[in-house]
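Participant: Please see the structure below; I have some questions.
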Amino acid sequence: VNFKKENQIQELNTVKKRNPKWERDELILALELYFRHNPNSISAKHQEVLKLSKILNSLPIHGISSEYVNFRNPNGVYMKMSNFLRLDPNYNGKGLERGSKLEEEVWNEFYPNKSKLRDLAKNIKASVNSKTEEITSPINEEEEEVFPEGKILFRVHKLRERNVGVVKKKKQQALEKNELYCEICQFDFFKTYGEIGEGFIECHHTIPVSEYTEKKNTKLQDLILVCSNCHRMLHRRRPWLGKGDLMNLMEKVSK
Ligand SMILES: [Zn+2]
Ligand SMILES: [Zn+2]
């Protein structure tokens, strides 16, 4: 009797979860493969599909992949690629199931910009290989969700902004010139909050993540000092807003 009960408990423990919906990072990788190999001309057994399935299984965004049923297996990857067909103006077949809104968003964003898509895909894969802790665990889930280039590259971006040496130097320079305030809206933490805000400001790294190269380190001139509000707004917009763009937007609103 006990034996039977134990078996049941074990069974319960190994119940697998349904596959989570595809995230932006994953769709970026799938779409990049789509443009290299149209799903109509390959099968789910194609070398590149198998490769992508492996990569998706190692992306640190859905927790432990073995907890799901057939997580991103080659068939699933191939199906996801086929989902893009319905959006492709060069395809005139029919009978495809409807896909997600995010698929459409990612398609619209990158169909006209395939070289950026390639760069992003390359950088996502490279970051996953690096496996540093900053990349494997979420920093700010809500912010990650809206970051145009996906969760992994949001973490890479944040990592660059926390590059302690350069950031310190940037702040030091501003302090010496008595200019430790937001370069966009002039918000000054010390002036508003007093002592607790003294010396506080955030750093934004202005080089788009699609243009990161592995060896290029954060440079002083690539950083701007921003308040927390302006920083969030910079991260929200796609394509990436520059300092001047955001200033223009604010000016338009205030008129
Ligand atoms: Zn600001
Ligand atoms: Zn930033």
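Chain lettering (A, B, ...) mirrors the order of the structure tokens, residue numbering begins at 1 for each chain separately, and ligand numbering begins at 1 in order of display.
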To check your reading of the model: which residues sit at most 7 Å from ligand 2 when counting only C-alpha atoms and all ligand atoms? Write the answer as a list in words.
Facilitator: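 For ligand 2, the residues inside 7 Å are His157, Lys158, Glu161, Cys203, His204, His205, His231, Leu234 and His235 of chain A.
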Participant: Create the file for the chosen residues now, containing C-alpha atoms and written as an mmCIF file, in the first residue's frame.
Facilitator:
```cif
data_model
loop_
_atom_site.group_PDB
_atom_site.id
_atom_site.type_symbol
_atom_site.label_atom_id
_atom_site.label_comp_id
_atom_site.auth_asym_id
_atom_site.auth_seq_id
_atom_site.Cartn_x
_atom_site.Cartn_y
_atom_site.Cartn_z
ATOM 1 C CA HIS A 157 22.749 46.733 -21.276
ATOM 2 C CA LYS A 158 22.346 47.081 -17.509
ATOM 3 C CA GLU A 161 25.700 50.715 -17.087
ATOM 4 C CA CYS A 203 24.018 56.317 -16.088
ATOM 5 C CA HIS A 204 22.608 55.362 -19.473
ATOM 6 C CA HIS A 205 24.752 53.614 -22.051
ATOM 7 C CA HIS A 231 16.198 56.515 -17.973
ATOM 8 C CA LEU A 234 14.796 55.862 -22.876
ATOM 9 C CA HIS A 235 14.466 52.107 -22.404
#
```
Participant: Can you list, as a ChimeraX atom specification, every protein, DNA or RNA residue that comes within 7 Å of stretch 39-49 of chain A when you count only C-alpha atoms, leaving out same-chain residues fewer than 2 positions away?
Facilitator: /A:34,37,51-53,74-75,77-78,81-82
Participant: Return as a ChimeraX atom specification the residues of protein, DNA or RNA that approach ligand 1 to within 9 Å, with only C-alpha atoms and all ligand atoms taken into account.
Facilitator: /A:181-188,225-231
Participant: To one decimal place in Å, what is the distance between atom CA of A:Glu251 and atom CA of A:Thr192?
Facilitator: 21.6 Å
Participant: Can you measure atom CA of A:Pro208 to atom CA of A:Thr136 for me? One decimal in Å is fine.
Facilitator: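 Separation of atom CA of A:Pro208 and atom CA of A:Thr136: 20.5 Å.
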Participant: Which of these, A:Thr218, A:Ser137, A:Asn113, A:Asn123, has the shortest distance to A:Val167 once you count only C-alpha atoms?
Facilitator: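 Residue with the minimum atom-to-atom distance to A:Val167: A:Thr218.
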Participant: For stretch 142-144 of chain A, find every residue with an atom within 9 Å (counting only C-alpha atoms), except residues of its own chain fewer than 5 positions away, and show them as a list in words.
Facilitator: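 Non-adjacent residues within range: Gly150, Lys151, Ile152, Leu153, Phe154, Arg155, Arg232, His235 and Arg236 of chain A.
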Participant: Keeping only N, CA and C atoms, write those residues as a PDB file, in the first residue's frame.
Facilitator:
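Final file, selection.pdb:
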```
ATOM      1  N   GLY A 150      14.671  42.584 -25.997  1.00  0.00           N
ATOM      2  CA  GLY A 150      14.529  41.342 -25.256  1.00  0.00           C
ATOM      3  C   GLY A 150      15.191  41.372 -23.890  1.00  0.00           C
ATOM      4  N   LYS A 151      14.911  40.312 -23.134  1.00  0.00           N
ATOM      5  CA  LYS A 151      15.351  40.272 -21.734  1.00  0.00           C
ATOM      6  C   LYS A 151      16.846  40.129 -21.581  1.00  0.00           C
ATOM      7  N   ILE A 152      17.417  39.228 -22.371  1.00  0.00           N
ATOM      8  CA  ILE A 152      18.844  38.957 -22.217  1.00  0.00           C
ATOM      9  C   ILE A 152      19.655  40.217 -22.496  1.00  0.00           C
ATOM     10  N   LEU A 153      19.309  40.894 -23.585  1.00  0.00           N
ATOM     11  CA  LEU A 153      20.098  42.069 -23.937  1.00  0.00           C
ATOM     12  C   LEU A 153      19.811  43.246 -23.009  1.00  0.00           C
ATOM     13  N   PHE A 154      18.646  43.235 -22.356  1.00  0.00           N
ATOM     14  CA  PHE A 154      18.409  44.242 -21.317  1.00  0.00           C
ATOM     15  C   PHE A 154      19.434  44.066 -20.193  1.00  0.00           C
ATOM     16  N   ARG A 155      19.652  42.803 -19.839  1.00  0.00           N
ATOM     17  CA  ARG A 155      20.611  42.526 -18.757  1.00  0.00           C
ATOM     18  C   ARG A 155      22.024  42.916 -19.182  1.00  0.00           C
ATOM     19  N   ARG A 232      14.097  55.365 -17.622  1.00  0.00           N
ATOM     20  CA  ARG A 232      13.062  54.382 -17.956  1.00  0.00           C
ATOM     21  C   ARG A 232      12.442  54.686 -19.319  1.00  0.00           C
ATOM     22  N   HIS A 235      14.503  53.557 -22.193  1.00  0.00           N
ATOM     23  CA  HIS A 235      14.466  52.107 -22.404  1.00  0.00           C
ATOM     24  C   HIS A 235      13.172  51.622 -23.018  1.00  0.00           C
ATOM     25  N   ARG A 236      12.153  52.447 -22.955  1.00  0.00           N
ATOM     26  CA  ARG A 236      10.819  52.006 -23.377  1.00  0.00           C
ATOM     27  C   ARG A 236      10.576  52.096 -24.869  1.00  0.00           C
TER      28      ARG A 236
END
```
Participant: Can you list, as a VMD selection string, every protein, DNA or RNA residue that comes within 12 Å of A:Tyr212 when you count only C-alpha atoms, leaving out same-chain residues fewer than 2 positions away?
Facilitator: chain A and resid 116 119 to 124 126 to 127 153 156 to 157 160 205 to 210 214 to 219 222
Participant: Could those residues be written to a file, using N, CA and C atoms, as an mmCIF file, in the first residue's frame?
Facilitator:
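File produced: result-v2.cif:
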```cif
data_model
loop_
_atom_site.group_PDB
_atom_site.id
_atom_site.type_symbol
_atom_site.label_atom_id
_atom_site.label_comp_id
_atom_site.auth_asym_id
_atom_site.auth_seq_id
_atom_site.Cartn_x
_atom_site.Cartn_y
_atom_site.Cartn_z
ATOM 1 N N LYS A 116 19.993 44.451 -38.528
ATOM 2 C CA LYS A 116 19.901 44.669 -37.084
ATOM 3 C C LYS A 116 19.467 43.380 -36.374
ATOM 4 N N ASP A 119 22.400 41.139 -36.016
ATOM 5 C CA ASP A 119 23.305 41.579 -34.944
ATOM 6 C C ASP A 119 22.745 41.240 -33.565
ATOM 7 N N LEU A 120 21.448 41.490 -33.402
ATOM 8 C CA LEU A 120 20.833 41.185 -32.107
ATOM 9 C C LEU A 120 20.904 39.697 -31.797
ATOM 10 N N ALA A 121 20.584 38.882 -32.802
ATOM 11 C CA ALA A 121 20.611 37.432 -32.592
ATOM 12 C C ALA A 121 22.018 36.987 -32.207
ATOM 13 N N LYS A 122 22.988 37.539 -32.885
ATOM 14 C CA LYS A 122 24.378 37.186 -32.590
ATOM 15 C C LYS A 122 24.719 37.556 -31.144
ATOM 16 N N ASN A 123 24.280 38.742 -30.739
ATOM 17 C CA ASN A 123 24.604 39.203 -29.385
ATOM 18 C C ASN A 123 23.859 38.425 -28.304
ATOM 19 N N ILE A 124 22.635 38.036 -28.595
ATOM 20 C CA ILE A 124 21.901 37.228 -27.610
ATOM 21 C C ILE A 124 22.625 35.904 -27.400
ATOM 22 N N ALA A 126 25.747 35.199 -27.977
ATOM 23 C CA ALA A 126 27.046 35.400 -27.329
ATOM 24 C C ALA A 126 26.878 35.604 -25.823
ATOM 25 N N SER A 127 25.837 36.350 -25.435
ATOM 26 C CA SER A 127 25.617 36.616 -24.010
ATOM 27 C C SER A 127 25.272 35.350 -23.254
ATOM 28 N N LEU A 153 19.309 40.894 -23.585
ATOM 29 C CA LEU A 153 20.098 42.069 -23.937
ATOM 30 C C LEU A 153 19.811 43.246 -23.009
ATOM 31 N N VAL A 156 22.343 42.675 -20.446
ATOM 32 C CA VAL A 156 23.666 43.063 -20.940
ATOM 33 C C VAL A 156 23.811 44.586 -20.887
ATOM 34 N N HIS A 157 22.750 45.272 -21.305
ATOM 35 C CA HIS A 157 22.749 46.733 -21.276
ATOM 36 C C HIS A 157 22.969 47.242 -19.844
ATOM 37 N N ARG A 160 26.466 46.928 -18.600
ATOM 38 C CA ARG A 160 27.351 47.983 -19.090
ATOM 39 C C ARG A 160 27.191 49.256 -18.275
ATOM 40 N N HIS A 205 23.779 53.941 -21.018
ATOM 41 C CA HIS A 205 24.752 53.614 -22.051
ATOM 42 C C HIS A 205 24.079 53.815 -23.402
ATOM 43 N N THR A 206 24.595 54.742 -24.205
ATOM 44 C CA THR A 206 23.855 55.187 -25.392
ATOM 45 C C THR A 206 24.053 54.320 -26.638
ATOM 46 N N ILE A 207 24.966 53.374 -26.596
ATOM 47 C CA ILE A 207 25.178 52.531 -27.775
ATOM 48 C C ILE A 207 24.103 51.434 -27.817
ATOM 49 N N PRO A 208 23.334 51.370 -28.907
ATOM 50 C CA PRO A 208 22.292 50.344 -28.985
ATOM 51 C C PRO A 208 22.877 48.936 -28.851
ATOM 52 N N VAL A 209 22.153 48.069 -28.172
ATOM 53 C CA VAL A 209 22.686 46.720 -27.921
ATOM 54 C C VAL A 209 22.987 45.940 -29.197
ATOM 55 N N SER A 210 22.307 46.312 -30.295
ATOM 56 C CA SER A 210 22.592 45.597 -31.541
ATOM 57 C C SER A 210 24.012 45.896 -32.022
ATOM 58 N N GLU A 214 31.758 42.034 -28.697
ATOM 59 C CA GLU A 214 32.176 41.358 -27.479
ATOM 60 C C GLU A 214 33.277 42.083 -26.706
ATOM 61 N N LYS A 215 34.244 42.574 -27.467
ATOM 62 C CA LYS A 215 35.411 43.095 -26.764
ATOM 63 C C LYS A 215 35.311 44.567 -26.401
ATOM 64 N N LYS A 216 34.361 45.258 -27.073
ATOM 65 C CA LYS A 216 34.287 46.687 -26.838
ATOM 66 C C LYS A 216 33.792 46.962 -25.419
ATOM 67 N N ASN A 217 34.560 47.689 -24.667
ATOM 68 C CA ASN A 217 34.128 48.011 -23.315
ATOM 69 C C ASN A 217 33.362 49.319 -23.281
ATOM 70 N N THR A 218 32.696 49.550 -22.164
ATOM 71 C CA THR A 218 31.970 50.795 -21.994
ATOM 72 C C THR A 218 32.945 51.961 -21.974
ATOM 73 N N LYS A 219 32.655 52.954 -22.808
ATOM 74 C CA LYS A 219 33.521 54.134 -22.846
ATOM 75 C C LYS A 219 32.816 55.308 -22.175
ATOM 76 N N ASP A 222 30.295 57.224 -24.120
ATOM 77 C CA ASP A 222 29.051 56.527 -24.467
ATOM 78 C C ASP A 222 28.006 56.637 -23.362
#
```
Participant: What does the distance between atom CA of A:Arg118 and atom CA of A:Glu149 come to in Å, to one decimal place?
Facilitator: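 Taking atom CA of A:Arg118 as the start and atom CA of A:Glu149 as the end point, the length is 12.0 Å.
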Participant: Tell me, which residues of stretch 114-227 of chain A carry DSSP strand (DSSP E or B), written as an MDAnalysis selection string?
Facilitator: chainID A and resid 202:205 223:226
Participant: Next, dump the selected residues to file, keeping only C-alpha atoms, as a JSON list (two decimals), in the first residue's frame.
Facilitator:
```
[["chain", "number", "residue", "atom", "x", "y", "z"],
["A", 202, "GLU", "CA", 21.87, 57.07, -13.09],
["A", 203, "CYS", "CA", 24.02, 56.32, -16.09],
["A", 204, "HIS", "CA", 22.61, 55.36, -19.47],
["A", 205, "HIS", "CA", 24.75, 53.61, -22.05],
["A", 223, "LEU", "CA", 27.46, 57.30, -21.11],
["A", 224, "ILE", "CA", 24.97, 60.01, -20.26],
["A", 225, "LEU", "CA", 23.76, 60.98, -16.82],
["A", 226, "VAL", "CA", 20.02, 60.71, -16.40]]
```
Participant: Tell me which of A:Gln173, A:Asn90, A:Thr213, A:Thr132 sits closest to A:Phe35, counting only C-alpha atoms.
Facilitator: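 Comparing A:Gln173, A:Asn90, A:Thr213, A:Thr132 against A:Phe35, the winner is A:Asn90.
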Participant: Write out as an MDAnalysis selection string the set of residues from stretch 87-160 of chain A that DSSP, computed on the backbone, places in helix (DSSP H, G or I).
Facilitator: chainID A and resid 87 101:110 114:130 133:136 141:146 151:160
Participant: Let me make sure I understand: among A:Ile64, A:Ser58, A:Glu103, A:Leu175, which one has the smallest atom-to-atom distance to A:Asn129 if we use only C-alpha atoms?
Facilitator: A:Ser58
